[in-house]
$ cat structure_33.cif   # mmCIF, C-alpha atoms
data_run
#
loop_
_atom_site.group_PDB
_atom_site.id
_atom_site.type_symbol
_atom_site.label_atom_id
_atom_site.label_comp_id
_atom_site.auth_asym_id
_atom_site.auth_seq_id
_atom_site.Cartn_x
_atom_site.Cartn_y
_atom_site.Cartn_z
ATOM 1 C CA MET Z 297 114.378 164.511 100.828
ATOM 2 C CA CYS Z 298 114.153 162.553 97.613
ATOM 3 C CA LYS Z 299 113.426 158.865 98.014
ATOM 4 C CA ALA Z 300 112.962 156.117 95.475
ATOM 5 C CA PRO Z 301 109.941 153.802 95.664
ATOM 6 C CA ILE Z 302 110.343 151.487 98.614
ATOM 7 C CA SER Z 303 110.360 147.758 98.142
ATOM 8 C CA SER Z 304 107.469 146.031 99.864
ATOM 9 C CA THR Z 305 110.050 143.989 101.744
ATOM 10 C CA THR Z 306 111.999 146.966 103.085
ATOM 11 C CA ASN Z 307 112.947 146.537 106.777
ATOM 12 C CA ALA Z 308 111.870 142.911 106.725
ATOM 13 C CA ASP Z 309 113.929 140.787 109.096
ATOM 14 C CA PRO Z 310 115.924 138.260 106.995
ATOM 15 C CA ALA Z 311 115.778 135.821 109.872
ATOM 16 C CA ILE Z 312 112.002 135.591 109.730
ATOM 17 C CA VAL Z 313 111.264 136.367 106.090
ATOM 18 C CA ASN Z 314 111.175 132.715 105.084
ATOM 19 C CA LYS Z 315 110.036 131.349 108.402
ATOM 20 C CA ASP Z 316 106.669 130.135 107.106
ATOM 21 C CA ASP Z 317 106.792 127.673 104.266
ATOM 22 C CA THR Z 318 104.493 128.217 101.328
ATOM 23 C CA PRO Z 319 101.646 125.655 101.377
ATOM 24 C CA PRO Z 320 102.157 122.948 98.749
ATOM 25 C CA ASN Z 321 100.125 122.882 95.540
ATOM 26 C CA GLN Z 322 99.020 126.479 95.996
ATOM 27 C CA LYS Z 323 97.621 128.046 92.828
ATOM 28 C CA ILE Z 324 99.782 130.618 91.043
ATOM 29 C CA ILE Z 325 97.720 133.545 89.761
ATOM 30 C CA THR Z 326 98.703 136.114 87.147
ATOM 31 C CA LYS Z 327 97.809 139.795 87.112
ATOM 32 C CA SER Z 328 95.484 139.331 84.151
ATOM 33 C CA GLU Z 329 93.663 136.495 85.890
ATOM 34 C CA LEU Z 330 93.310 138.524 89.066
ATOM 35 C CA ALA Z 331 91.918 141.482 87.109
ATOM 36 C CA GLN Z 332 89.144 139.300 85.702
ATOM 37 C CA HIS Z 333 87.727 138.690 89.177
ATOM 38 C CA ASN Z 334 86.554 142.241 89.798
ATOM 39 C CA SER Z 335 82.796 141.881 90.260
ATOM 40 C CA PRO Z 336 80.510 141.134 93.229
ATOM 41 C CA SER Z 337 79.859 137.668 91.830
ATOM 42 C CA SER Z 338 83.572 136.854 91.682
ATOM 43 C CA ALA Z 339 85.873 139.077 93.722
ATOM 44 C CA TRP Z 340 89.545 138.328 94.292
ATOM 45 C CA CYS Z 341 92.201 140.656 95.654
ATOM 46 C CA ALA Z 342 95.907 140.467 96.425
ATOM 47 C CA ILE Z 343 97.705 141.597 99.577
ATOM 48 C CA HIS Z 344 101.320 141.367 100.617
ATOM 49 C CA SER Z 345 102.474 138.206 102.323
ATOM 50 C CA LEU Z 346 102.817 138.316 106.100
ATOM 51 C CA ASN Z 347 104.433 135.896 108.497
ATOM 52 C CA SER Z 348 103.027 134.823 111.857
ATOM 53 C CA SER Z 349 104.562 137.913 113.491
ATOM 54 C CA GLY Z 350 102.794 140.287 111.134
ATOM 55 C CA GLN Z 351 105.981 141.220 109.296
ATOM 56 C CA VAL Z 352 106.002 141.680 105.517
ATOM 57 C CA THR Z 353 107.943 138.909 103.780
ATOM 58 C CA ASN Z 354 109.633 138.745 100.398
ATOM 59 C CA LYS Z 355 107.225 136.079 99.197
ATOM 60 C CA PRO Z 356 104.706 136.774 96.409
ATOM 61 C CA HIS Z 357 101.417 138.423 97.341
ATOM 62 C CA VAL Z 358 98.673 136.114 98.514
ATOM 63 C CA VAL Z 359 95.318 136.131 96.730
ATOM 64 C CA LEU Z 360 92.086 136.253 98.718
ATOM 65 C CA ASP Z 361 88.631 135.281 97.518
ATOM 66 C CA ILE Z 362 86.361 137.884 99.163
ATOM 67 C CA THR Z 363 83.203 137.083 97.190
ATOM 68 C CA LYS Z 364 81.233 135.467 100.021
ATOM 69 C CA PHE Z 365 83.015 137.314 102.813
ATOM 70 C CA ALA Z 366 81.793 140.672 101.446
ATOM 71 C CA LYS Z 367 78.318 139.964 102.863
ATOM 72 C CA SER Z 368 79.667 139.614 106.407
ATOM 73 C CA HIS Z 369 82.452 142.186 106.154
ATOM 74 C CA PRO Z 370 82.114 144.620 109.110
ATOM 75 C CA GLY Z 371 82.660 147.580 106.793
ATOM 76 C CA GLY Z 372 79.991 146.439 104.356
ATOM 77 C CA ASP Z 373 80.437 145.880 100.643
ATOM 78 C CA LEU Z 374 83.170 148.524 100.501
ATOM 79 C CA ILE Z 375 85.582 145.622 100.468
ATOM 80 C CA LEU Z 376 84.516 144.938 96.879
ATOM 81 C CA LEU Z 377 86.416 148.072 95.840
ATOM 82 C CA ALA Z 378 89.527 145.936 96.255
ATOM 83 C CA ALA Z 379 88.365 143.314 93.758
ATOM 84 C CA GLY Z 380 90.716 142.550 90.889
ATOM 85 C CA LYS Z 381 93.719 144.496 92.156
ATOM 86 C CA ASP Z 382 96.545 144.778 94.652
ATOM 87 C CA ALA Z 383 94.678 145.772 97.810
ATOM 88 C CA THR Z 384 97.658 146.014 100.163
ATOM 89 C CA ALA Z 385 97.258 149.750 100.807
ATOM 90 C CA LEU Z 386 93.546 149.323 101.495
ATOM 91 C CA PHE Z 387 94.169 146.298 103.689
ATOM 92 C CA GLU Z 388 96.726 148.120 105.829
ATOM 93 C CA THR Z 389 95.222 151.596 106.059
ATOM 94 C CA TYR Z 390 91.626 150.615 106.779
ATOM 95 C CA HIS Z 391 92.389 148.129 109.545
ATOM 96 C CA PRO Z 392 94.308 149.897 112.334
ATOM 97 C CA ARG Z 393 93.626 146.984 114.676
ATOM 98 C CA GLY Z 394 94.850 144.503 112.094
ATOM 99 C CA VAL Z 395 93.170 141.457 110.556
ATOM 100 C CA PRO Z 396 93.323 137.986 112.159
ATOM 101 C CA ASN Z 397 95.767 135.636 110.434
ATOM 102 C CA SER Z 398 93.164 132.904 110.675
ATOM 103 C CA LEU Z 399 90.792 134.916 108.479
ATOM 104 C CA ILE Z 400 93.497 135.632 105.907
ATOM 105 C CA LYS Z 401 94.374 131.945 105.693
ATOM 106 C CA LYS Z 402 90.695 131.042 105.354
ATOM 107 C CA LEU Z 403 90.229 133.408 102.401
ATOM 108 C CA THR Z 404 93.541 132.603 100.685
ATOM 109 C CA ILE Z 405 93.152 130.706 97.412
ATOM 110 C CA GLY Z 406 96.636 131.115 95.926
ATOM 111 C CA THR Z 407 99.619 133.380 95.397
ATOM 112 C CA MET Z 408 100.543 135.880 92.738
ATOM 113 C CA GLU Z 409 103.141 135.031 90.141
ATOM 114 C CA LYS Z 410 106.690 135.961 91.082
ATOM 115 C CA ASN Z 411 107.506 139.694 90.862
ATOM 116 C CA ALA Z 412 103.868 140.594 90.094
ATOM 117 C CA TYR Z 413 103.970 143.323 92.731
ATOM 118 C CA THR Z 414 107.508 144.178 93.751
ATOM 119 C CA ASN Z 415 107.555 147.840 94.792
ATOM 120 C CA SER Z 416 105.589 149.893 97.244
ATOM 121 C CA PHE Z 417 105.711 153.548 98.240
ATOM 122 C CA TYR Z 418 105.271 152.444 101.820
ATOM 123 C CA SER Z 419 107.408 150.493 104.231
ATOM 124 C CA TRP Z 420 104.774 148.487 106.069
ATOM 125 C CA ASN Z 421 107.327 147.166 108.550
ATOM 126 C CA SER Z 422 108.138 150.695 109.643
ATOM 127 C CA ASP Z 423 108.059 151.196 113.407
ATOM 128 C CA PHE Z 424 106.571 154.649 112.818
ATOM 129 C CA TYR Z 425 103.474 153.270 111.116
ATOM 130 C CA LYS Z 426 102.933 150.584 113.746
ATOM 131 C CA VAL Z 427 103.250 153.082 116.606
ATOM 132 C CA LEU Z 428 100.933 155.503 114.801
ATOM 133 C CA LYS Z 429 98.182 152.892 114.401
ATOM 134 C CA LYS Z 430 98.604 151.792 118.005
ATOM 135 C CA ARG Z 431 98.243 155.352 119.293
ATOM 136 C CA VAL Z 432 95.151 155.977 117.166
ATOM 137 C CA VAL Z 433 93.448 152.880 118.564
ATOM 138 C CA GLU Z 434 94.479 153.774 122.118
ATOM 139 C CA ARG Z 435 93.102 157.297 121.685
ATOM 140 C CA LEU Z 436 89.748 155.988 120.490
ATOM 141 C CA GLU Z 437 89.547 153.597 123.411
ATOM 142 C CA GLU Z 438 90.652 156.276 125.867
ATOM 143 C CA ARG Z 439 87.836 158.570 124.772
ATOM 144 C CA LYS Z 440 85.437 155.633 124.526
ATOM 145 C CA LEU Z 441 84.498 156.540 120.970
ATOM 146 C CA ASN Z 442 82.729 154.093 118.707
ATOM 147 C CA ARG Z 443 84.280 153.550 115.306
ATOM 148 C CA ARG Z 444 80.802 153.418 113.772
ATOM 149 C CA GLY Z 445 77.895 155.614 114.731
ATOM 150 C CA SER Z 446 76.965 157.674 117.797
ATOM 151 C CA TYR Z 447 74.057 159.835 118.901
ATOM 152 C CA GLU Z 448 76.107 162.971 118.159
ATOM 153 C CA ILE Z 449 76.428 161.912 114.517
ATOM 154 C CA TYR Z 450 72.697 161.249 114.229
ATOM 155 C CA ILE Z 451 71.709 164.580 115.788
ATOM 156 C CA LYS Z 452 74.082 166.438 113.482
ATOM 157 C CA ALA Z 453 72.711 164.557 110.474
ATOM 158 C CA ILE Z 454 69.101 165.427 111.317
ATOM 159 C CA MET Z 455 69.955 169.107 111.725
ATOM 160 C CA LEU Z 456 71.836 169.245 108.421
ATOM 161 C CA LEU Z 457 69.106 167.474 106.470
ATOM 162 C CA LEU Z 458 66.373 169.689 107.932
ATOM 163 C CA GLY Z 459 68.421 172.788 107.163
ATOM 164 C CA PHE Z 460 69.044 171.679 103.581
ATOM 165 C CA TRP Z 461 65.440 170.830 102.722
ATOM 166 C CA TYR Z 462 64.008 173.865 104.512
ATOM 167 C CA SER Z 463 66.407 176.174 102.664
ATOM 168 C CA LEU Z 464 65.565 174.517 99.341
ATOM 169 C CA TYR Z 465 61.831 174.802 100.012
ATOM 170 C CA LYS Z 466 62.039 178.467 101.033
ATOM 171 C CA MET Z 467 64.294 179.317 98.104
ATOM 172 C CA TYR Z 468 61.719 177.991 95.657
ATOM 173 C CA THR Z 469 58.582 179.290 97.390
ATOM 174 C CA THR Z 470 59.827 182.814 98.147
ATOM 175 C CA THR Z 471 58.091 184.513 95.232
ATOM 176 C CA THR Z 472 58.045 188.150 96.308
ATOM 177 C CA ASN Z 473 61.553 188.903 97.503
ATOM 178 C CA TYR Z 474 64.431 187.916 95.243
ATOM 179 C CA PRO Z 475 67.286 188.875 97.668
ATOM 180 C CA ILE Z 476 65.741 186.670 100.364
ATOM 181 C CA ALA Z 477 65.511 183.794 97.889
ATOM 182 C CA ILE Z 478 69.201 184.276 97.118
ATOM 183 C CA LEU Z 479 70.018 184.060 100.832
ATOM 184 C CA TYR Z 480 68.090 180.811 101.078
ATOM 185 C CA SER Z 481 69.970 179.465 98.070
ATOM 186 C CA ILE Z 482 73.275 180.300 99.785
ATOM 187 C CA SER Z 483 72.019 178.616 102.937
ATOM 188 C CA MET Z 484 71.067 175.539 100.937
ATOM 189 C CA GLY Z 485 74.558 175.436 99.446
ATOM 190 C CA CYS Z 486 76.168 175.623 102.881
ATOM 191 C CA PHE Z 487 74.028 172.791 104.211
ATOM 192 C CA ALA Z 488 74.761 170.753 101.074
ATOM 193 C CA ALA Z 489 78.483 171.213 101.630
ATOM 194 C CA MET Z 490 78.162 170.074 105.237
ATOM 195 C CA ILE Z 491 76.142 167.032 104.161
ATOM 196 C CA GLY Z 492 78.898 166.181 101.705
ATOM 197 C CA THR Z 493 81.675 166.467 104.276
ATOM 198 C CA ASN Z 494 79.792 164.787 107.108
ATOM 199 C CA ILE Z 495 76.819 162.515 106.422
ATOM 200 C CA GLN Z 496 77.800 161.074 103.058
ATOM 201 C CA HIS Z 497 81.473 160.948 104.008
ATOM 202 C CA ASP Z 498 80.814 158.878 107.114
ATOM 203 C CA GLY Z 499 78.209 156.769 105.340
ATOM 204 C CA ASN Z 500 80.383 155.867 102.373
ATOM 205 C CA HIS Z 501 83.210 155.062 104.766
ATOM 206 C CA GLY Z 502 80.904 152.644 106.575
ATOM 207 C CA ALA Z 503 81.285 154.678 109.763
ATOM 208 C CA PHE Z 504 77.946 156.497 110.055
ATOM 209 C CA SER Z 505 76.194 153.586 111.745
ATOM 210 C CA GLN Z 506 76.569 149.996 112.879
ATOM 211 C CA SER Z 507 73.944 149.139 110.268
ATOM 212 C CA LYS Z 508 75.205 148.522 106.750
ATOM 213 C CA LEU Z 509 71.864 149.640 105.301
ATOM 214 C CA VAL Z 510 71.910 152.920 107.219
ATOM 215 C CA ASN Z 511 75.474 153.530 106.050
ATOM 216 C CA LYS Z 512 74.406 152.969 102.456
ATOM 217 C CA VAL Z 513 71.477 155.389 102.775
ATOM 218 C CA ALA Z 514 73.718 157.978 104.438
ATOM 219 C CA GLY Z 515 76.162 157.612 101.554
ATOM 220 C CA TRP Z 516 73.371 158.222 99.055
ATOM 221 C CA THR Z 517 72.884 161.731 100.436
ATOM 222 C CA LEU Z 518 75.753 162.661 98.124
ATOM 223 C CA ASP Z 519 73.462 161.821 95.191
ATOM 224 C CA MET Z 520 70.785 163.908 96.876
ATOM 225 C CA ILE Z 521 72.946 167.028 96.667
ATOM 226 C CA GLY Z 522 73.881 166.408 93.038
ATOM 227 C CA ALA Z 523 77.026 164.246 93.045
ATOM 228 C CA SER Z 524 77.613 160.482 92.965
ATOM 229 C CA ALA Z 525 78.339 158.183 95.886
ATOM 230 C CA PHE Z 526 79.604 155.539 93.467
ATOM 231 C CA THR Z 527 82.281 157.726 91.888
ATOM 232 C CA TRP Z 528 83.169 159.228 95.268
ATOM 233 C CA GLU Z 529 83.939 155.801 96.692
ATOM 234 C CA ILE Z 530 86.303 155.065 93.830
ATOM 235 C CA GLN Z 531 88.046 158.442 93.857
ATOM 236 C CA HIS Z 532 88.181 158.925 97.606
ATOM 237 C CA MET Z 533 88.646 155.439 98.978
ATOM 238 C CA LEU Z 534 90.830 153.994 96.232
ATOM 239 C CA GLY Z 535 92.776 157.180 95.558
ATOM 240 C CA HIS Z 536 92.763 159.812 98.269
ATOM 241 C CA HIS Z 537 93.087 157.742 101.426
ATOM 242 C CA PRO Z 538 95.563 155.022 100.414
ATOM 243 C CA TYR Z 539 97.808 157.417 98.487
ATOM 244 C CA THR Z 540 97.364 160.792 100.196
ATOM 245 C CA ASN Z 541 101.078 161.539 100.488
ATOM 246 C CA VAL Z 542 102.276 159.953 97.263
ATOM 247 C CA LEU Z 543 103.699 162.369 94.730
ATOM 248 C CA ASP Z 544 103.116 161.773 91.060
ATOM 249 C CA GLU Z 545 105.740 159.302 89.862
ATOM 250 C CA VAL Z 546 106.762 161.425 86.892
ATOM 251 C CA GLU Z 547 107.220 164.513 89.022
ATOM 252 C CA GLU Z 548 109.055 162.529 91.686
ATOM 253 C CA SER Z 549 111.420 161.102 89.067
ATOM 254 C CA ARG Z 550 112.005 164.606 87.764
ATOM 255 C CA LYS Z 551 112.798 165.778 91.267
ATOM 256 C CA CYS Z 552 115.281 162.949 91.781
ATOM 257 C CA SER Z 553 116.970 163.381 88.403
ATOM 258 C CA ASP Z 554 119.389 166.027 87.194
ATOM 259 C CA VAL Z 555 116.543 168.289 86.098
ATOM 260 C CA ASP Z 556 116.928 171.684 87.750
ATOM 261 C CA GLY Z 557 120.279 170.584 89.117
ATOM 262 C CA GLY Z 558 118.800 167.662 91.016
ATOM 263 C CA LYS Z 559 117.806 169.921 93.893
ATOM 264 C CA ASP Z 560 115.588 168.412 96.545
ATOM 265 C CA ASP Z 561 113.578 171.616 96.737
ATOM 266 C CA VAL Z 562 112.578 171.621 93.068
ATOM 267 C CA LYS Z 563 108.975 172.701 92.675
ATOM 268 C CA ILE Z 564 106.511 169.865 92.168
ATOM 269 C CA GLU Z 565 103.872 170.784 89.620
ATOM 270 C CA GLU Z 566 100.331 169.614 90.294
ATOM 271 C CA LYS Z 567 99.261 168.314 86.900
ATOM 272 C CA ASP Z 568 95.594 168.242 87.875
ATOM 273 C CA GLN Z 569 95.501 171.794 89.218
ATOM 274 C CA VAL Z 570 94.137 173.312 85.997
ATOM 275 C CA ARG Z 571 91.476 170.638 85.711
ATOM 276 C CA SER Z 572 90.562 171.160 89.359
ATOM 277 C CA ASN Z 573 90.197 174.917 88.899
ATOM 278 C CA CYS Z 574 88.064 174.417 85.793
ATOM 279 C CA PHE Z 575 85.793 172.123 87.775
ATOM 280 C CA ARG Z 576 85.300 174.808 90.432
ATOM 281 C CA VAL Z 577 84.350 177.372 87.788
ATOM 282 C CA VAL Z 578 81.916 175.002 86.095
ATOM 283 C CA TRP Z 579 80.406 174.059 89.460
ATOM 284 C CA CYS Z 580 79.949 177.736 90.318
ATOM 285 C CA PHE Z 581 78.142 178.456 87.034
ATOM 286 C CA MET Z 582 75.991 175.364 87.485
ATOM 287 C CA CYS Z 583 74.888 176.490 90.952
ATOM 288 C CA CYS Z 584 74.145 180.000 89.676
ATOM 289 C CA SER Z 585 72.124 178.578 86.796
ATOM 290 C CA LEU Z 586 70.168 176.369 89.174
ATOM 291 C CA THR Z 587 69.443 179.311 91.452
ATOM 292 C CA LEU Z 588 68.213 181.461 88.570
ATOM 293 C CA ARG Z 589 66.104 178.630 87.219
ATOM 294 C CA LEU Z 590 64.410 177.899 90.532
ATOM 295 C CA THR Z 591 63.849 181.560 91.343
ATOM 296 C CA ALA Z 592 62.629 182.480 87.849
ATOM 297 C CA PRO Z 593 58.980 182.853 88.992
ATOM 298 C CA ILE Z 594 59.870 185.787 91.248
ATOM 299 C CA LEU Z 595 62.031 187.713 88.772
ATOM 300 C CA PRO Z 596 60.438 190.897 87.416
ATOM 301 C CA HIS Z 597 58.950 190.450 83.968
ATOM 302 C CA SER Z 598 58.216 193.093 81.389
ATOM 303 C CA HIS Z 599 54.520 193.512 80.563
ATOM 304 C CA ASN Z 600 54.993 195.982 77.721
ATOM 305 C CA HIS Z 601 53.894 193.544 75.066
ATOM 306 C CA THR Z 602 52.447 194.945 71.898
ATOM 307 C CA THR Z 603 49.278 193.308 70.706
ATOM 308 C CA PRO Z 604 49.604 192.430 67.041
#

$ encode --input "structure_33.cif" --output "structure tokens"
Amino acid sequence: MCKAPISSTTNADPAIVNKDDTPPNQKIITKSELAQHNSPSSAWCAIHSLNSSGQVTNKPHVVLDITKFAKSHPGGDLILLAAGKDATALFETYHPRGVPNSLIKKLTIGTMEKNAYTNSFYSWNSDFYKVLKKRVVERLEERKLNRRGSYEIYIKAIMLLLGFWYSLYKMYTTTTNYPIAILYSISMGCFAAMIGTNIQHDGNHGAFSQSKLVNKVAGWTLDMIGASAFTWEIQHMLGHHPYTNVLDEVEESRKCSDVDGGKDDVKIEEKDQVRSNCFRVVWCFMCCSLTLRLTAPILPHSHNHTTP
């Protein structure tokens, strides 16, 4: 069903929208000014305005100074990814238990200029979303699962790391049997994939351990297998998670317009599909090249050299 972007105030109760008065003499901040504070030494972010009941209001976004708070943030310095931008989606999706109003007020340094951020793809006052978060938290508590770290995670991590390094070592040192070396290279690739989807994923999400340092090291295992934890955080945590179900605006507009008769079932083209497929091909050739390079010492060589 085609839907237009939802206003951030959708479903807000008019009776409580203006319940809390805006503090006097509060600084008004522009988008350009907010964007300038996007570094660890000066980090500001904007989130939608909430009343005492946790409902989204029609007031301008509030601006938080998270520079000093980043050091004590339970999730580590991941909060700095929100610096210089509208962090509403991050704020809502990464805190299923919510954030204390007292903390928000403590960090608030001003409000955004009027109409700086007016539309959202999400209705944060939706009963569905609130019930969903509540059930997730209840399920975790029911199963007595920690949000960060457990002995099962550590055991799995040790097994994956041992498997990866053993496979890499055997692939390189197997000098008499090329097919066996190929099998070890495949094994190494499988362990690398599991490291990428488990250890580094949990580490970069700040969920591998209670220790921020351990989480950072776990996240760096992505660099160990040839990628980048830094770029992954940006792509995955700023893109994938907050906007998983958001269709491209251009394609959504096309779907809602008279193009193709305005049918709701018009095919949505994935504009990045070609680029994604090209990446897979390049990655495949890169892995093959690496395998051939590392196993070069065991390849048969011709000794029929003619002495000049």

$ resolve_selection --input "structure_33.cif" --expression "the PyMOL selection byres ((chain Z and resi 378) around 12)" --output "ChimeraX atom specification"
/Z:330-331,333-336,338-343,359-363,366,373-377,379-387,390,529-530,533-535,538

$ write_last_selection --input "structure_33.cif" --atoms "C-alpha atoms" --output "PDB file, keeping the file's coordinate frame"
ATOM      1  CA  LEU Z 330      93.310 138.524  89.066  1.00  0.00           C
ATOM      2  CA  ALA Z 331      91.918 141.482  87.109  1.00  0.00           C
ATOM      3  CA  HIS Z 333      87.727 138.690  89.177  1.00  0.00           C
ATOM      4  CA  ASN Z 334      86.554 142.241  89.798  1.00  0.00           C
ATOM      5  CA  SER Z 335      82.796 141.881  90.260  1.00  0.00           C
ATOM      6  CA  PRO Z 336      80.510 141.134  93.229  1.00  0.00           C
ATOM      7  CA  SER Z 338      83.572 136.854  91.682  1.00  0.00           C
ATOM      8  CA  ALA Z 339      85.873 139.077  93.722  1.00  0.00           C
ATOM      9  CA  TRP Z 340      89.545 138.328  94.292  1.00  0.00           C
ATOM     10  CA  CYS Z 341      92.201 140.656  95.654  1.00  0.00           C
ATOM     11  CA  ALA Z 342      95.907 140.467  96.425  1.00  0.00           C
ATOM     12  CA  ILE Z 343      97.705 141.597  99.577  1.00  0.00           C
ATOM     13  CA  VAL Z 359      95.318 136.131  96.730  1.00  0.00           C
ATOM     14  CA  LEU Z 360      92.086 136.253  98.718  1.00  0.00           C
ATOM     15  CA  ASP Z 361      88.631 135.281  97.518  1.00  0.00           C
ATOM     16  CA  ILE Z 362      86.361 137.884  99.163  1.00  0.00           C
ATOM     17  CA  THR Z 363      83.203 137.083  97.190  1.00  0.00           C
ATOM     18  CA  ALA Z 366      81.793 140.672 101.446  1.00  0.00           C
ATOM     19  CA  ASP Z 373      80.437 145.880 100.643  1.00  0.00           C
ATOM     20  CA  LEU Z 374      83.170 148.524 100.501  1.00  0.00           C
ATOM     21  CA  ILE Z 375      85.582 145.622 100.468  1.00  0.00           C
ATOM     22  CA  LEU Z 376      84.516 144.938  96.879  1.00  0.00           C
ATOM     23  CA  LEU Z 377      86.416 148.072  95.840  1.00  0.00           C
ATOM     24  CA  ALA Z 379      88.365 143.314  93.758  1.00  0.00           C
ATOM     25  CA  GLY Z 380      90.716 142.550  90.889  1.00  0.00           C
ATOM     26  CA  LYS Z 381      93.719 144.496  92.156  1.00  0.00           C
ATOM     27  CA  ASP Z 382      96.545 144.778  94.652  1.00  0.00           C
ATOM     28  CA  ALA Z 383      94.678 145.772  97.810  1.00  0.00           C
ATOM     29  CA  THR Z 384      97.658 146.014 100.163  1.00  0.00           C
ATOM     30  CA  ALA Z 385      97.258 149.750 100.807  1.00  0.00           C
ATOM     31  CA  LEU Z 386      93.546 149.323 101.495  1.00  0.00           C
ATOM     32  CA  PHE Z 387      94.169 146.298 103.689  1.00  0.00           C
ATOM     33  CA  TYR Z 390      91.626 150.615 106.779  1.00  0.00           C
ATOM     34  CA  GLU Z 529      83.939 155.801  96.692  1.00  0.00           C
ATOM     35  CA  ILE Z 530      86.303 155.065  93.830  1.00  0.00           C
ATOM     36  CA  MET Z 533      88.646 155.439  98.978  1.00  0.00           C
ATOM     37  CA  LEU Z 534      90.830 153.994  96.232  1.00  0.00           C
ATOM     38  CA  GLY Z 535      92.776 157.180  95.558  1.00  0.00           C
ATOM     39  CA  PRO Z 538      95.563 155.022 100.414  1.00  0.00           C
TER      40      PRO Z 538
END

$ residues_around --input "structure_33.cif" --residues "Thr517 of chain Z" --least-positions-apart "2" --cutoff "8 Å" --atoms "only C-alpha atoms" --output "PyMOL selection string"
chain Z and resi 491-492+495-496+513-515+519-521+525

$ write_last_selection --input "structure_33.cif" --atoms "C-alpha atoms" --output "short mmCIF file (atom, residue, chain, number, x, y, z; two decimals), in the coordinates of the input"
data_model
loop_
_atom_site.label_atom_id
_atom_site.label_comp_id
_atom_site.auth_asym_id
_atom_site.auth_seq_id
_atom_site.Cartn_x
_atom_site.Cartn_y
_atom_site.Cartn_z
CA ILE Z 491 76.14 167.03 104.16
CA GLY Z 492 78.90 166.18 101.70
CA ILE Z 495 76.82 162.51 106.42
CA GLN Z 496 77.80 161.07 103.06
CA VAL Z 513 71.48 155.39 102.78
CA ALA Z 514 73.72 157.98 104.44
CA GLY Z 515 76.16 157.61 101.55
CA ASP Z 519 73.46 161.82 95.19
CA MET Z 520 70.78 163.91 96.88
CA ILE Z 521 72.95 167.03 96.67
CA ALA Z 525 78.34 158.18 95.89
#

$ closest_residue --input "structure_33.cif" --among "Z:Thr407, Z:Thr469, Z:Asn421, Z:Ser524" --to "Lys327 of chain Z" --atoms "all atoms listed in the file"
Z:Thr407

$ closest_residue --input "structure_33.cif" --among "Z:Lys323, Z:Lys430, Z:His369, Z:Arg435" --to "Pro356 of chain Z" --atoms "all atoms listed in the file"
Z:Lys323

$ resolve_selection --input "structure_33.cif" --expression "the PyMOL selection byres ((chain Z and resi 345) around 9)" --output "list in words"
Ile343, His344, Leu346, Asn347, Gln351, Val352, Thr353, Asn354, Lys355, Pro356, His357, Val358 and Thr407 of chain Z

$ atom_distance --input "structure_33.cif" --atom1 "atom CA of Ala503 of chain Z" --atom2 "atom CA of Gly371 of chain Z"
7.8 Å

$ atom_distance --input "structure_33.cif" --atom1 "atom CA of Val433 of chain Z" --atom2 "atom CA of Tyr450 of chain Z"
22.8 Å

$ atom_distance --input "structure_33.cif" --atom1 "atom CA of Gly499 of chain Z" --atom2 "atom CA of Lys512 of chain Z"
6.1 Å

$ closest_residue --input "structure_33.cif" --among "Z:Phe365, Z:Asn500, Z:Gln506, Z:Thr470" --to "Thr527 of chain Z" --atoms "only C-alpha atoms"
Z:Asn500

$ closest_residue --input "structure_33.cif" --among "Z:Thr471, Z:Thr493, Z:Ile405, Z:Leu509" --to "Trp528 of chain Z" --atoms "only C-alpha atoms"
Z:Thr493

$ resolve_selection --input "structure_33.cif" --expression "the PyMOL selection byres ((chain Z and resi 486) around 12)" --output "list in words"
Leu456, Leu457, Gly459, Phe460, Trp461, Ser463, Leu464, Leu479, Tyr480, Ser481, Ile482, Ser483, Met484, Gly485, Phe487, Ala488, Ala489, Met490, Ile491, Gly492, Thr493 and Ile521 of chain Z

$ axis_aligned_box --input "structure_33.cif" --around "segment 409-419 of chain Z" --padding-each-side "4 Å" --output "JSON"
{"center_x": 105.3, "center_y": 144.3, "center_z": 97.2, "size_x": 12.4, "size_y": 26.5, "size_z": 22.1}

$ residues_around --input "structure_33.cif" --residues "Gly445 of chain Z" --least-positions-apart "2" --cutoff "9 Å" --atoms "only C-alpha atoms" --output "list in words"
Asn442, Arg443, Tyr447, Glu448, Ile449, Tyr450, Asp498, Ala503, Phe504, Ser505, Gln506 and Ser507 of chain Z
